[in-house]
Amino acid sequence: MLKSPAVVATAPCTTAVPPPPLRVYMYDLPRRFNVGMLNRRSTSETPVTAADFPPWPKNSGLKRQHSVEYWMMGSLLYGDGDRSGAIRVLDPELADVFFVPFFSSLSFNTHGHHMTDVETKIDRQLQIDLMEFLRQSKYWQRSGGRDHVFPMTHPNAFRFLRDQLNESIQVVVDFSRYPRSVSNLNKDVVSPYVHVVDSFTDDEPQDPFESRTTLLFFRGKTFRKDEGIVRVKLAKILAGYDDVHYERSIATGENIKLSSKGMRSSKFCLHPAGDTPSSCRLFDAIVSHCVPVIVSDQIELPFEDEIDYSQFSVFFSFKEALEPGYMINQLRKFPKQKWTEMWRKLKNISHHYEFQYPPEREDAVYMLWRQIKHKLPAMRRSVHRSWRLKIPDWWKKR
């Protein structure tokens, strides 16, 4: 189906017959663990069904970028394995993996966003209650949680008890906040952020290169922690260029619209590290068909076993980006033909970064379930080893 070389030739989307969907058992949790946080006036504790699955609120602002948990749950409720890549099974004995529909990112954003709120106790209690529930499950006991899937794309999601999930499959956006013993690329899955700008669906100019008059675009917060300090330095280095738009901004509804307009009229969109190595801005650029310029030495990218980001993105190290004039000179002499090829590839692969309900084949959730499916052999080996080892993880002590 996909003809772009940005996707490897052996990807399942090129085969005539789709592979069987991943079989997923989803726990029926009370609504306070998931969709109840979308409507806090509702007191219903009945597990949500496809019939009453609520739409994602339009006025959610930046909470949307961490809503992967919602779209994954929705794909299982919808019940079409061909469209979503996974099918919900009601018999846990038939399951490949177990999905835990706790909206840990939304819980942090709702109950503990400032980390000092009294309501932070609610976030912590939800985590405690959930783990007590899971420890009573024979399926959690059987695998030690190794075949359980937890979406947690906010860096502070599940922050109180995350070390209790160190054997489980975590769906994350990067690994910056936790040690490798808790989260790592071997067992976990890297997800895109959910983009917050609208997708560019009618991007058909006669000359796309010339129609985008800004060379390099950035609009966002410039004061960040950790590696994000690079944003302040870039503001100084990029000042004074007529073809560069580098603006400090906060994410309001109007500012998101202005960012979308700026990305659609720019050849390159700058993605510097923020509080963590990744941010939503990269995926906003992808669905805006603006060639990403990635300045983040420790970034991990989603679906990288299937998608080659070097075919539609440009990478600079911190050192290169902070050398006065270097990055701008490289972008100014970037060949028009090569940029146009990257633009076309962005258009070809951007559907892989769409989160939607109902789900669609090869969209972001479909890709995530396929990534989880790729983890099954290593997960099963780990489960089987745990059953017979007398001295657990002896090899880690060497």
# chains A, B, ... in the order shown; residues from 1 in each chain; ligands from 1

$ residues_around --residues "Arg142 (chain A)" --least-positions-apart "5" --cutoff "12 Å" --atoms "only C-alpha atoms" --output "list in words"
Pro92, Glu93, Phe98, Leu134, Arg135, Gln136, Ser137, Asp147, His148, Arg380, Ser382, Val383, His384, Ser386 and Trp387 of chain A

$ residues_around --residues "Arg41 (chain A)" --least-positions-apart "5" --cutoff "12 Å" --atoms "only C-alpha atoms" --output "list in words"
Arg31, Arg32, Val35 and Gly36 of chain A

$ atom_distance --atom1 "CA of Val230 (chain A)" --atom2 "CA of Ala321 (chain A)"
9.0 Å

$ closest_residue --among "A:Ala378, A:Leu234, A:Val24, A:Ala51" --to "Gly85 (chain A)" --atoms "only C-alpha atoms"
A:Val24

$ select_by_dssp --residues "region 63-275 of chain A" --states "alpha helix (DSSP H)" --output "VMD selection string"
chain A and resid 68 to 78 81 to 84 104 to 111 120 to 135 138 to 143 208 to 211 230 to 237 253 to 264

$ closest_residue --among "A:Leu238, A:Leu368, A:Leu76, A:Leu38" --to "Asn59 (chain A)" --atoms "only C-alpha atoms"
A:Leu38

$ residues_around --residues "region 295-307 of chain A" --least-positions-apart "2" --cutoff "8 Å" --atoms "only C-alpha atoms" --output "PDB file with C-alpha atoms, in the first residue's frame"
ATOM      1  CA  ALA A   6      10.544   5.652   4.280  1.00  0.00           C
ATOM      2  CA  VAL A   7       8.745   2.424   5.204  1.00  0.00           C
ATOM      3  CA  VAL A   8      10.697  -0.809   4.876  1.00  0.00           C
ATOM      4  CA  ALA A  11       6.271  -3.937   6.591  1.00  0.00           C
ATOM      5  CA  VAL A 173       7.314   8.809  24.470  1.00  0.00           C
ATOM      6  CA  ASP A 174      10.891   8.622  25.763  1.00  0.00           C
ATOM      7  CA  PHE A 175      12.990   7.212  28.599  1.00  0.00           C
ATOM      8  CA  VAL A 189       7.263   0.742  23.090  1.00  0.00           C
ATOM      9  CA  VAL A 190       7.911   4.319  21.960  1.00  0.00           C
ATOM     10  CA  SER A 191       4.754   6.187  20.981  1.00  0.00           C
ATOM     11  CA  PRO A 192       4.238   9.434  19.125  1.00  0.00           C
ATOM     12  CA  GLU A 227      18.458  19.416  27.934  1.00  0.00           C
ATOM     13  CA  LEU A 270      12.732  23.156  14.479  1.00  0.00           C
ATOM     14  CA  HIS A 271      12.359  20.457  17.139  1.00  0.00           C
ATOM     15  CA  PRO A 272      14.761  21.153  20.012  1.00  0.00           C
ATOM     16  CA  ALA A 273      14.691  19.070  23.187  1.00  0.00           C
ATOM     17  CA  PRO A 277      14.253  14.702  24.690  1.00  0.00           C
ATOM     18  CA  SER A 278      10.951  14.568  22.770  1.00  0.00           C
ATOM     19  CA  VAL A 293      14.921  19.690  12.120  1.00  0.00           C
ATOM     20  CA  TYR A 309      13.324   9.204   9.846  1.00  0.00           C
ATOM     21  CA  PHE A 315      19.311  15.970  12.432  1.00  0.00           C
ATOM     22  CA  PHE A 316      21.789  18.246  14.199  1.00  0.00           C
ATOM     23  CA  SER A 317      23.653  17.536  17.415  1.00  0.00           C
ATOM     24  CA  PHE A 318      23.555  20.114  20.204  1.00  0.00           C
ATOM     25  CA  ALA A 321      23.140  23.524  16.324  1.00  0.00           C
ATOM     26  CA  MET A 367       1.254   0.875  14.583  1.00  0.00           C
ATOM     27  CA  LEU A 368       1.455   0.760  18.395  1.00  0.00           C
ATOM     28  CA  GLN A 371       5.011  -2.676  17.986  1.00  0.00           C
TER      29      GLN A 371
END

$ atom_distance --atom1 "CA of Thr120 (chain A)" --atom2 "CA of Phe33 (chain A)"
14.4 Å

$ atom_distance --atom1 "CA of Phe150 (chain A)" --atom2 "CA of Ser42 (chain A)"
24.6 Å

$ residues_around --residues "region 194-211 of chain A" --least-positions-apart "4" --cutoff "8 Å" --atoms "only C-alpha atoms" --output "VMD selection string"
chain A and resid 61 to 62 64 to 68 256 to 257 259 to 260 264 to 265 267 280 to 281 283 to 284 287 to 289 336 339 to 340 353 to 355

$ closest_residue --among "A:Glu132, A:Asp243, A:Asp82, A:Glu69" --to "Val17 (chain A)" --atoms "only C-alpha atoms"
A:Asp82

$ residues_around --residues "Pro101 (chain A)" --least-positions-apart "4" --cutoff "9 Å" --atoms "only C-alpha atoms" --output "list in words"
Met26, Tyr27, Asp28, Leu29, Phe33, Asn34, Glu69, Tyr70, Met72, Met73, Val149, Phe150 and Pro151 of chain A

$ write_last_selection --atoms "N, CA and C atoms" --output "JSON list (two decimals), in the first residue's frame"
[["chain", "number", "residue", "atom", "x", "y", "z"],
["A", 26, "MET", "N", -8.66, -6.82, 27.96],
["A", 26, "MET", "CA", -8.69, -5.52, 28.63],
["A", 26, "MET", "C", -9.49, -5.65, 29.92],
["A", 27, "TYR", "N", -8.85, -5.25, 31.01],
["A", 27, "TYR", "CA", -9.53, -5.30, 32.29],
["A", 27, "TYR", "C", -10.71, -4.32, 32.31],
["A", 28, "ASP", "N", -11.80, -4.74, 32.95],
["A", 28, "ASP", "CA", -12.93, -3.84, 33.17],
["A", 28, "ASP", "C", -12.69, -3.07, 34.46],
["A", 29, "LEU", "N", -12.21, -1.84, 34.33],
["A", 29, "LEU", "CA", -11.95, -1.00, 35.49],
["A", 29, "LEU", "C", -13.07, 0.00, 35.70],
["A", 33, "PHE", "N", -10.89, 5.30, 36.86],
["A", 33, "PHE", "CA", -9.53, 5.03, 36.38],
["A", 33, "PHE", "C", -9.31, 5.51, 34.94],
["A", 34, "ASN", "N", -10.38, 5.87, 34.23],
["A", 34, "ASN", "CA", -10.18, 6.26, 32.84],
["A", 34, "ASN", "C", -11.15, 7.36, 32.41],
["A", 69, "GLU", "N", -3.48, 6.81, 25.73],
["A", 69, "GLU", "CA", -4.22, 5.83, 26.52],
["A", 69, "GLU", "C", -5.69, 5.76, 26.10],
["A", 70, "TYR", "N", -6.28, 6.92, 25.82],
["A", 70, "TYR", "CA", -7.69, 7.00, 25.41],
["A", 70, "TYR", "C", -7.89, 6.31, 24.05],
["A", 72, "MET", "N", -6.00, 4.08, 22.53],
["A", 72, "MET", "CA", -5.75, 2.64, 22.58],
["A", 72, "MET", "C", -6.95, 1.91, 23.18],
["A", 73, "MET", "N", -7.52, 2.47, 24.24],
["A", 73, "MET", "CA", -8.71, 1.87, 24.82],
["A", 73, "MET", "C", -9.86, 1.87, 23.81],
["A", 149, "VAL", "N", 0.19, -4.39, 29.52],
["A", 149, "VAL", "CA", 0.52, -3.18, 28.77],
["A", 149, "VAL", "C", -0.05, -1.96, 29.49],
["A", 150, "PHE", "N", 0.82, -0.99, 29.74],
["A", 150, "PHE", "CA", 0.44, 0.25, 30.41],
["A", 150, "PHE", "C", 0.80, 1.45, 29.54],
["A", 151, "PRO", "N", -0.17, 2.18, 29.02],
["A", 151, "PRO", "CA", 0.17, 3.44, 28.34],
["A", 151, "PRO", "C", 0.46, 4.52, 29.37]]

$ closest_residue --among "A:Lys261, A:Lys221, A:Arg124, A:His351" --to "Tyr366 (chain A)" --atoms "only C-alpha atoms"
A:His351

$ residues_around --residues "Cys290 (chain A)" --least-positions-apart "6" --cutoff "8 Å" --atoms "only C-alpha atoms" --output "ChimeraX atom specification"
/A:263-264,266-269,343,346

$ write_last_selection --atoms "N, CA, C and O atoms" --output "mmCIF file, in the first residue's frame"
data_model
loop_
_atom_site.group_PDB
_atom_site.id
_atom_site.type_symbol
_atom_site.label_atom_id
_atom_site.label_comp_id
_atom_site.auth_asym_id
_atom_site.auth_seq_id
_atom_site.Cartn_x
_atom_site.Cartn_y
_atom_site.Cartn_z
ATOM 1 N N MET A 263 3.794 26.554 10.603
ATOM 2 C CA MET A 263 4.388 25.304 10.121
ATOM 3 C C MET A 263 4.034 25.054 8.659
ATOM 4 O O MET A 263 4.878 24.608 7.874
ATOM 5 N N ARG A 264 2.811 25.346 8.292
ATOM 6 C CA ARG A 264 2.373 25.093 6.913
ATOM 7 C C ARG A 264 3.021 26.036 5.907
ATOM 8 O O ARG A 264 3.013 25.738 4.706
ATOM 9 N N SER A 266 6.281 27.009 6.241
ATOM 10 C CA SER A 266 7.730 26.914 6.462
ATOM 11 C C SER A 266 8.294 25.646 5.830
ATOM 12 O O SER A 266 7.628 24.607 5.785
ATOM 13 N N LYS A 267 9.525 25.757 5.362
ATOM 14 C CA LYS A 267 10.209 24.600 4.786
ATOM 15 C C LYS A 267 10.652 23.633 5.869
ATOM 16 O O LYS A 267 10.516 22.416 5.733
ATOM 17 N N PHE A 268 11.218 24.180 6.943
ATOM 18 C CA PHE A 268 11.744 23.363 8.034
ATOM 19 C C PHE A 268 11.117 23.809 9.351
ATOM 20 O O PHE A 268 10.895 25.005 9.567
ATOM 21 N N CYS A 269 10.852 22.841 10.235
ATOM 22 C CA CYS A 269 10.327 23.135 11.562
ATOM 23 C C CYS A 269 11.302 22.604 12.607
ATOM 24 O O CYS A 269 11.660 21.419 12.590
ATOM 25 N N TRP A 343 9.357 16.235 1.571
ATOM 26 C CA TRP A 343 7.982 16.721 1.714
ATOM 27 C C TRP A 343 6.991 15.647 1.240
ATOM 28 O O TRP A 343 5.981 15.388 1.896
ATOM 29 N N LEU A 346 6.819 12.882 3.781
ATOM 30 C CA LEU A 346 6.008 13.289 4.932
ATOM 31 C C LEU A 346 4.525 13.090 4.634
ATOM 32 O O LEU A 346 3.764 12.605 5.480
#

$ closest_residue --among "A:Arg248, A:Arg370, A:Lys390, A:Arg381" --to "Ser143 (chain A)" --atoms "only C-alpha atoms"
A:Arg381

$ closest_residue --among "A:Val172, A:Leu161, A:Ile391, A:Leu106" --to "Thr276 (chain A)" --atoms "only C-alpha atoms"
A:Val172
